[in-house]
$ cat query-v1.csv   # CSV, C-alpha atoms
chain,number,residue,atom,x,y,z
A,30,MET,CA,53.0,-21.9,-180.7
A,31,LEU,CA,53.1,-24.3,-183.6
A,32,VAL,CA,52.8,-28.1,-183.2
A,33,THR,CA,53.1,-30.7,-186.0
A,34,LEU,CA,51.8,-34.2,-185.6
A,35,THR,CA,53.1,-37.2,-187.6
A,36,LEU,CA,51.5,-40.5,-186.9
A,37,ASN,CA,53.3,-42.5,-189.5
A,38,PRO,CA,56.9,-41.0,-189.7
A,39,ALA,CA,59.8,-42.6,-191.5
A,40,VAL,CA,63.5,-42.6,-191.9
A,41,ASP,CA,63.9,-41.6,-195.5
A,42,ILE,CA,66.9,-43.2,-197.2
A,43,SER,CA,67.9,-41.7,-200.6
A,44,MET,CA,70.6,-42.8,-203.1
A,45,THR,CA,71.5,-42.6,-206.8
A,46,ILE,CA,72.4,-45.2,-209.4
A,47,ASP,CA,73.3,-45.0,-213.0
A,48,ARG,CA,70.4,-47.2,-214.2
A,49,LEU,CA,67.8,-49.4,-212.5
A,50,ILE,CA,68.2,-52.7,-214.2
A,51,PRO,CA,66.3,-55.9,-213.1
A,52,GLU,CA,68.2,-59.0,-211.9
A,53,GLN,CA,71.5,-57.2,-211.7
A,54,LYS,CA,73.6,-56.3,-208.7
A,55,LEU,CA,73.4,-52.5,-208.7
A,56,HIS,CA,76.0,-50.2,-207.1
A,57,CYS,CA,74.4,-47.2,-205.4
A,58,SER,CA,75.9,-44.0,-204.0
A,59,GLN,CA,76.4,-43.5,-200.3
A,60,PRO,CA,72.9,-43.3,-198.8
A,61,ARG,CA,71.5,-40.1,-197.3
A,62,TYR,CA,69.3,-40.4,-194.2
A,63,ASP,CA,66.6,-37.8,-193.4
A,64,ALA,CA,63.8,-37.6,-190.9
A,65,GLY,CA,60.7,-37.9,-192.9
A,66,GLY,CA,56.9,-37.9,-192.6
A,67,GLY,CA,54.5,-35.1,-193.3
A,68,GLY,CA,54.5,-33.2,-190.0
A,69,ILE,CA,58.2,-33.7,-189.4
A,70,ASN,CA,58.9,-32.2,-192.8
A,71,VAL,CA,56.7,-29.3,-192.0
A,72,SER,CA,58.6,-28.7,-188.8
A,73,LYS,CA,61.9,-28.9,-190.8
A,74,ALA,CA,60.6,-26.3,-193.2
A,75,ILE,CA,59.5,-24.0,-190.4
A,76,HIS,CA,62.9,-24.2,-188.8
A,77,ARG,CA,64.7,-23.4,-192.1
A,78,LEU,CA,62.6,-20.3,-192.4
A,79,GLY,CA,63.7,-19.1,-189.0
A,80,GLY,CA,60.6,-20.3,-187.0
A,81,ALA,CA,60.1,-22.8,-184.3
A,82,SER,CA,57.7,-25.6,-183.7
A,83,THR,CA,57.2,-28.8,-181.6
A,84,ALA,CA,57.2,-32.0,-183.6
A,85,LEU,CA,55.0,-34.7,-182.1
A,86,PHE,CA,55.5,-38.1,-183.7
A,87,THR,CA,55.4,-41.8,-183.0
A,88,SER,CA,58.7,-43.7,-182.6
A,89,GLY,CA,59.6,-47.4,-182.1
A,90,GLY,CA,62.5,-49.7,-182.3
A,91,SER,CA,66.0,-49.0,-183.6
A,92,ALA,CA,64.7,-47.0,-186.6
A,93,GLY,CA,62.7,-44.9,-184.2
A,94,LEU,CA,65.9,-44.0,-182.3
A,95,THR,CA,67.5,-43.1,-185.7
A,96,LEU,CA,64.5,-40.9,-186.4
A,97,GLN,CA,64.8,-39.1,-183.1
A,98,ASP,CA,68.5,-38.5,-183.7
A,99,LEU,CA,67.9,-37.1,-187.2
A,100,VAL,CA,65.2,-34.7,-185.8
A,101,GLU,CA,67.4,-33.6,-183.0
A,102,LYS,CA,70.2,-32.8,-185.5
A,103,GLU,CA,67.8,-30.6,-187.4
A,104,GLY,CA,67.5,-28.5,-184.3
A,105,ILE,CA,63.8,-29.1,-183.9
A,106,ASP,CA,62.0,-29.4,-180.5
A,107,TYR,CA,60.1,-32.7,-180.4
A,108,GLU,CA,58.1,-35.1,-178.2
A,109,ILE,CA,57.7,-38.7,-179.0
A,110,ILE,CA,54.8,-41.2,-178.6
A,111,GLY,CA,56.4,-44.5,-177.9
A,112,ILE,CA,55.0,-47.5,-179.9
A,113,ASP,CA,55.9,-51.2,-179.9
A,114,GLY,CA,56.3,-51.5,-183.7
A,115,LEU,CA,59.4,-50.5,-185.7
A,116,THR,CA,59.3,-47.0,-187.2
A,117,ARG,CA,59.2,-47.5,-191.0
A,118,GLU,CA,61.9,-46.8,-193.5
A,119,CYS,CA,61.2,-45.4,-197.0
A,120,PHE,CA,63.5,-45.3,-200.0
A,121,VAL,CA,64.1,-42.9,-202.9
A,122,VAL,CA,66.3,-44.1,-205.7
A,123,THR,CA,67.2,-41.7,-208.5
A,124,GLU,CA,68.6,-42.9,-211.9
A,125,THR,CA,71.3,-40.5,-213.1
A,126,ILE,CA,70.9,-41.7,-216.7
A,127,PRO,CA,68.2,-40.5,-217.3
A,128,ASN,CA,66.9,-38.5,-214.3
A,129,ASN,CA,64.1,-40.8,-213.2
A,130,GLN,CA,63.1,-41.0,-209.5
A,131,PHE,CA,61.6,-44.1,-207.9
A,132,ARG,CA,59.9,-43.7,-204.5
A,133,PHE,CA,59.3,-46.8,-202.3
A,134,GLY,CA,57.0,-46.2,-199.3
A,135,THR,CA,56.3,-48.8,-196.7
A,136,PRO,CA,53.0,-49.0,-194.8
A,137,GLY,CA,54.5,-48.5,-191.3
A,138,PRO,CA,53.9,-50.3,-188.1
A,139,ILE,CA,50.4,-51.4,-186.9
A,140,LEU,CA,49.2,-49.1,-184.1
A,141,SER,CA,46.9,-50.8,-181.5
A,142,PRO,CA,44.0,-48.9,-179.9
A,143,GLY,CA,46.1,-48.7,-176.7
A,144,GLU,CA,48.9,-46.9,-178.6
A,145,ALA,CA,46.5,-44.6,-180.3
A,146,SER,CA,45.1,-43.2,-177.1
A,147,PRO,CA,48.3,-41.5,-176.0
A,148,CYS,CA,48.4,-39.6,-179.3
A,149,LEU,CA,45.1,-38.0,-178.4
A,150,ALA,CA,45.9,-37.6,-174.8
A,151,GLN,CA,49.1,-35.8,-175.6
A,152,LEU,CA,47.2,-33.2,-177.7
A,153,LYS,CA,44.8,-32.7,-174.9
A,154,THR,CA,47.5,-32.0,-172.3
A,155,ILE,CA,49.9,-29.7,-174.2
A,156,SER,CA,50.1,-26.9,-171.6
A,157,ASP,CA,51.2,-23.9,-173.7
A,158,PRO,CA,48.5,-22.2,-175.9
A,159,VAL,CA,48.8,-23.7,-179.4
A,160,ASP,CA,47.9,-21.4,-182.3
A,161,TYR,CA,48.2,-23.9,-185.2
A,162,LEU,CA,48.3,-27.7,-185.2
A,163,VAL,CA,49.5,-29.3,-188.4
A,164,ALA,CA,48.4,-33.0,-188.8
A,165,SER,CA,50.1,-34.3,-191.9
A,166,GLY,CA,50.6,-37.6,-193.6
A,167,SER,CA,49.0,-41.0,-193.9
A,168,LEU,CA,47.4,-42.9,-191.0
A,169,PRO,CA,49.4,-46.0,-190.0
A,170,PRO,CA,47.8,-49.4,-190.2
A,171,GLY,CA,45.5,-50.2,-187.3
A,172,LEU,CA,44.1,-46.7,-186.8
A,173,PRO,CA,40.5,-46.1,-187.8
A,174,THR,CA,39.8,-43.7,-190.7
A,175,ASP,CA,38.1,-41.3,-188.4
A,176,PHE,CA,41.2,-40.8,-186.3
A,177,TYR,CA,41.9,-37.3,-187.7
A,178,ALA,CA,38.2,-36.5,-187.0
A,179,HIS,CA,39.0,-37.1,-183.3
A,180,ILE,CA,42.0,-34.7,-183.6
A,181,ALA,CA,39.8,-32.1,-185.3
A,182,ARG,CA,37.4,-32.4,-182.4
A,183,ILE,CA,40.1,-31.8,-179.8
A,184,ALA,CA,41.5,-28.9,-181.8
A,185,LYS,CA,38.0,-27.3,-181.9
A,186,GLN,CA,37.5,-27.7,-178.2
A,187,ARG,CA,40.9,-26.1,-177.5
A,188,GLY,CA,40.5,-23.3,-180.0
A,189,ILE,CA,43.4,-24.5,-182.1
A,190,ARG,CA,43.5,-23.9,-185.8
A,191,LEU,CA,44.0,-27.3,-187.4
A,192,ILE,CA,45.8,-27.6,-190.7
A,193,LEU,CA,45.2,-31.0,-192.2
A,194,ASP,CA,47.2,-32.5,-195.0
A,195,THR,CA,46.0,-36.0,-195.8
A,196,ALA,CA,43.8,-37.7,-198.3
A,197,GLY,CA,41.0,-40.2,-198.8
A,198,GLU,CA,38.5,-41.3,-196.2
A,199,ALA,CA,40.7,-39.9,-193.4
A,200,LEU,CA,40.3,-36.4,-194.8
A,201,GLN,CA,36.7,-36.8,-195.6
A,202,THR,CA,35.7,-37.8,-192.1
A,203,ALA,CA,37.8,-35.0,-190.5
A,204,LEU,CA,36.0,-32.4,-192.6
A,205,GLU,CA,32.7,-33.5,-191.1
A,206,GLU,CA,34.1,-32.0,-187.8
A,207,GLY,CA,35.5,-29.0,-189.5
A,208,VAL,CA,39.1,-27.8,-189.8
A,209,PHE,CA,40.9,-24.5,-190.6
A,210,LEU,CA,42.9,-25.3,-193.7
A,211,ILE,CA,43.3,-28.2,-196.2
A,212,LYS,CA,45.7,-28.7,-199.1
A,213,PRO,CA,44.2,-31.1,-201.6
A,214,ASN,CA,45.3,-31.6,-205.1
A,215,LEU,CA,42.8,-31.4,-208.0
A,216,GLY,CA,41.9,-35.1,-207.8
A,217,GLU,CA,41.4,-35.0,-204.0
A,218,LEU,CA,39.3,-31.9,-204.3
A,219,ALA,CA,37.1,-33.7,-206.8
A,220,HIS,CA,36.7,-36.6,-204.4
A,221,LEU,CA,35.7,-34.3,-201.6
A,222,VAL,CA,32.9,-32.6,-203.6
A,223,GLY,CA,31.7,-36.0,-204.9
A,224,VAL,CA,32.6,-35.7,-208.6
A,225,GLU,CA,34.8,-37.9,-210.8
A,226,ARG,CA,37.0,-35.1,-212.0
A,227,LEU,CA,37.4,-31.3,-212.0
A,228,GLU,CA,38.7,-28.9,-214.5
A,229,THR,CA,41.0,-26.0,-213.4
A,230,VAL,CA,38.2,-23.5,-213.9
A,231,GLN,CA,36.0,-25.4,-211.4
A,232,ILE,CA,38.5,-25.1,-208.5
A,233,VAL,CA,37.1,-22.0,-206.9
A,234,GLU,CA,33.5,-23.1,-207.0
A,235,ALA,CA,34.3,-26.6,-205.6
A,236,ALA,CA,36.5,-25.2,-202.8
A,237,GLN,CA,33.9,-22.6,-201.8
A,238,SER,CA,31.3,-25.3,-201.6
A,239,LEU,CA,33.4,-26.9,-198.8
A,240,ILE,CA,33.9,-23.6,-197.1
A,241,GLN,CA,30.1,-22.7,-197.2
A,242,ALA,CA,29.3,-26.1,-195.8
A,243,GLY,CA,31.5,-25.3,-192.8
A,244,ARG,CA,34.0,-28.0,-193.5
A,245,CYS,CA,37.0,-25.7,-193.6
A,246,GLU,CA,37.9,-22.0,-193.7
A,247,VAL,CA,40.7,-22.1,-196.2
A,248,VAL,CA,41.4,-24.3,-199.2
A,249,VAL,CA,44.8,-24.3,-201.0
A,250,VAL,CA,44.7,-26.5,-204.1
A,251,SER,CA,48.1,-27.8,-205.0
A,252,GLN,CA,48.6,-28.0,-208.8
A,253,GLY,CA,52.1,-29.5,-208.9
A,254,PRO,CA,54.6,-27.6,-211.1
A,255,ARG,CA,51.9,-25.1,-212.2
A,256,GLY,CA,51.6,-23.7,-208.7
A,257,ALA,CA,48.6,-23.5,-206.3
A,258,THR,CA,45.2,-21.8,-205.9
A,259,LEU,CA,44.1,-20.1,-202.6
A,260,VAL,CA,40.3,-20.0,-201.9
A,261,THR,CA,38.6,-18.5,-198.9
A,262,SER,CA,35.0,-17.3,-198.4
A,263,ASN,CA,35.9,-13.9,-199.9
A,264,GLU,CA,39.1,-14.2,-201.8
A,265,GLN,CA,40.9,-16.3,-204.4
A,266,GLU,CA,44.4,-16.2,-205.9
A,267,PHE,CA,46.3,-18.4,-208.2
A,268,VAL,CA,50.1,-18.3,-207.7
A,269,GLN,CA,52.2,-19.6,-210.6
A,270,ALA,CA,55.2,-21.6,-209.6
A,271,PRO,CA,58.6,-20.4,-211.1
A,272,LEU,CA,60.1,-22.5,-213.8
A,273,ILE,CA,63.1,-24.4,-212.4
A,274,GLU,CA,65.1,-27.5,-213.2
A,275,LYS,CA,63.4,-30.2,-211.2
A,276,VAL,CA,65.7,-32.6,-209.3
A,277,SER,CA,63.3,-34.3,-206.8
A,278,THR,CA,59.7,-33.9,-205.8
A,279,VAL,CA,60.1,-35.5,-202.4
A,280,GLY,CA,58.8,-33.1,-199.6
A,281,ALA,CA,57.5,-30.4,-202.0
A,282,GLY,CA,54.0,-30.6,-200.6
A,283,ASP,CA,55.2,-30.6,-197.0
A,284,SER,CA,57.4,-27.6,-197.8
A,285,LEU,CA,54.4,-25.8,-199.3
A,286,VAL,CA,52.5,-26.4,-196.0
A,287,GLY,CA,55.5,-25.4,-193.9
A,288,GLY,CA,55.9,-22.1,-195.7
A,289,MET,CA,52.2,-21.3,-195.3
A,290,VAL,CA,52.2,-22.2,-191.6
A,291,TYR,CA,55.3,-20.1,-191.0
A,292,ALA,CA,53.7,-17.1,-192.8
A,293,LEU,CA,50.5,-17.4,-190.7
A,294,SER,CA,52.5,-17.6,-187.5
A,295,GLN,CA,54.1,-14.3,-188.5
A,296,GLY,CA,50.7,-12.6,-189.0
A,297,LYS,CA,51.0,-12.5,-192.8
A,298,SER,CA,47.9,-12.3,-195.1
A,299,PHE,CA,46.5,-15.3,-196.9
A,300,SER,CA,48.0,-13.8,-200.1
A,301,ASP,CA,51.5,-13.7,-198.5
A,302,MET,CA,50.9,-17.1,-197.1
A,303,ILE,CA,50.3,-18.9,-200.4
A,304,ARG,CA,53.2,-17.0,-202.1
A,305,LEU,CA,55.7,-18.1,-199.5
A,306,GLY,CA,54.2,-21.6,-199.6
A,307,VAL,CA,54.7,-21.9,-203.4
A,308,ALA,CA,58.2,-20.6,-203.2
A,309,CYS,CA,59.1,-23.2,-200.5
A,310,GLY,CA,57.4,-26.0,-202.4
A,311,THR,CA,59.2,-25.1,-205.7
A,312,ALA,CA,62.6,-24.6,-203.9
A,313,ALA,CA,62.3,-28.1,-202.5
A,314,THR,CA,62.2,-29.7,-206.0
A,315,MET,CA,65.6,-28.1,-206.7
A,316,ASN,CA,67.5,-30.5,-204.3
A,317,PRO,CA,68.2,-34.2,-204.6
A,318,GLY,CA,66.6,-37.0,-202.6
A,319,THR,CA,64.8,-35.8,-199.4
A,320,GLU,CA,66.7,-32.7,-198.7
A,321,LEU,CA,63.8,-30.2,-198.8
A,322,PHE,CA,64.8,-26.5,-199.6
A,323,HIS,CA,67.5,-23.9,-198.9
A,324,LYS,CA,66.3,-20.5,-197.7
A,325,ALA,CA,68.4,-18.6,-200.2
A,326,ASP,CA,66.4,-20.4,-203.0
A,327,VAL,CA,63.1,-19.6,-201.3
A,328,ASP,CA,64.0,-15.9,-201.0
A,329,ARG,CA,65.0,-15.7,-204.7
A,330,LEU,CA,61.9,-17.5,-205.9
A,331,LEU,CA,59.6,-15.5,-203.6
A,332,SER,CA,60.9,-12.3,-205.1
A,333,TRP,CA,60.1,-13.6,-208.6
A,334,ILE,CA,56.6,-14.7,-207.5
A,335,ASN,CA,55.8,-11.3,-205.9
A,336,GLN,CA,56.9,-9.5,-209.1
A,337,GLN,CA,54.7,-11.7,-211.2
A,338,GLN,CA,51.7,-11.3,-208.9
A,339,THR,CA,52.1,-7.5,-208.8
A,340,CYS,CA,52.2,-7.4,-212.6
A,341,ARG,CA,48.9,-9.4,-212.8
A,342,VAL,CA,47.2,-6.9,-210.5

$ encode --input "query-v1.csv" --output "structure tokens"
Amino acid sequence: MLVTLTLNPAVDISMTIDRLIPEQKLHCSQPRYDAGGGGINVSKAIHRLGGASTALFTSGGSAGLTLQDLVEKEGIDYEIIGIDGLTRECFVVTETIPNNQFRFGTPGPILSPGEASPCLAQLKTISDPVDYLVASGSLPPGLPTDFYAHIARIAKQRGIRLILDTAGEALQTALEEGVFLIKPNLGELAHLVGVERLETVQIVEAAQSLIQAGRCEVVVVSQGPRGATLVTSNEQEFVQAPLIEKVSTVGAGDSLVGGMVYALSQGKSFSDMIRLGVACGTAATMNPGTELFHKADVDRLLSWINQQQTCRV
């Protein structure tokens, strides 16, 4: 069983305009509405690959009802954690001349301690055995930075493999408890090992220092359009991303995680895991706004990646 947790979800609204010009009334395209937030996007990716998961997320107000409706239309099983605040809305505006993308993210509703407790309680009481829990995205205002550490503790007690995709102090404190897999970028990895910056050649050593300290078992370092690097205690692999025409980067990281979790749920190797993840992340950049990927694109890109990796071997 796969469960995703999104503490700060959003209704993502995307549109296009010719040019973004200050102090002028701008005429946009018809807006597109998508259910957004890290864990929800991961569940959407898993569903598009043919898998199933339960999306657990907070929801409040009219925007929360819209979010629930959008998740339901995706065909995803979900459970909500009701909150008093209004679920946030985020905006993506793309200039068609030239192809510039502007992403406006709002902080989200403030969660009180009383609203935070049901989040933890729901994880403790999920009855079915959970194999993987994906906690993804930022913490909403009001939650302490060690909130993901509490989740890591619950996962450890229940024998659940926690995949954590967040950043900053929230990630740092969670790693003190220990998690299964993390997906930092190069800058985030540098922060985790206490240095100002890292070069590409230092990725493996830095990642293995976290693994040897017992903070995680698997590190996948996202390197944007270059691809990603897999590091475990006894293996490492860099997967180059195929060259494609980028349309939007929204949801690419979540698609990478979704692809990896789906591969793990199918009993695939870590090597197969990162290859599918990179294919999903790359495919997501081929579509406008917040649309994520199409499986046909993933299949085609995965074939290219497998051919390239085989040639390197």

$ closest_atom_pairs --input "query-v1.csv" --of "range 178-297 of chain A" --to "range 61-77 of chain A" --cutoff "10 Å" --atoms "all atoms listed in the file" --output "CSV"
residue,atom,partner,partner_atom,distance
A:Leu193,CA,A:Gly68,CA,9.8
A:Asp194,CA,A:Gly67,CA,7.9
A:Thr195,CA,A:Gly67,CA,8.9
A:Val279,CA,A:Gly65,CA,9.8
A:Gly280,CA,A:Asn70,CA,6.9
A:Ala281,CA,A:Asn70,CA,9.5
A:Gly282,CA,A:Gly67,CA,8.6
A:Asp283,CA,A:Val71,CA,5.4
A:Ser284,CA,A:Ala74,CA,5.8
A:Leu285,CA,A:Val71,CA,8.4
A:Val286,CA,A:Val71,CA,6.5
A:Gly287,CA,A:Val71,CA,4.5
A:Gly288,CA,A:Ile75,CA,6.7
A:Met289,CA,A:Ile75,CA,9.2
A:Val290,CA,A:Ile75,CA,7.6
A:Tyr291,CA,A:Ile75,CA,5.8
A:Ala292,CA,A:Ile75,CA,9.3
A:Ser294,CA,A:Ile75,CA,9.9

$ closest_residue --input "query-v1.csv" --among "A:Lys275, A:His179, A:Lys212, A:Arg187" --to "Pro317 in chain A" --atoms "only C-alpha atoms"
A:Lys275

$ closest_residue --input "query-v1.csv" --among "A:Val32, A:Val122, A:Met315, A:Ala81" --to "Thr45 in chain A" --atoms "only C-alpha atoms"
A:Val122

$ closest_residue --input "query-v1.csv" --among "A:Ser82, A:Ser141, A:Asn37, A:Gln53" --to "Leu96 in chain A" --atoms "all atoms listed in the file"
A:Asn37

$ closest_residue --input "query-v1.csv" --among "A:Ser88, A:Pro169, A:Ile232, A:Gln186" --to "Ala257 in chain A" --atoms "all atoms listed in the file"
A:Ile232

$ atom_distance --input "query-v1.csv" --atom1 "CA of Cys57 in chain A" --atom2 "CA of Ile273 in chain A"
26.4 Å

$ closest_residue --input "query-v1.csv" --among "A:Asn129, A:Gln252, A:Thr87, A:Ser298" --to "Arg117 in chain A" --atoms "all atoms listed in the file"
A:Thr87

$ residues_near_point --input "query-v1.csv" --point "(64.4, -40.3, -201.3)" --cutoff "9 Å" --atoms "all atoms listed in the file" --output "PyMOL selection string"
chain A and resi 41-44+61-63+119-123+130-133+277+279+317-320

$ closest_residue --input "query-v1.csv" --among "A:Thr135, A:Val248, A:Pro142, A:Leu78" --to "Asp326 in chain A" --atoms "all atoms listed in the file"
A:Leu78
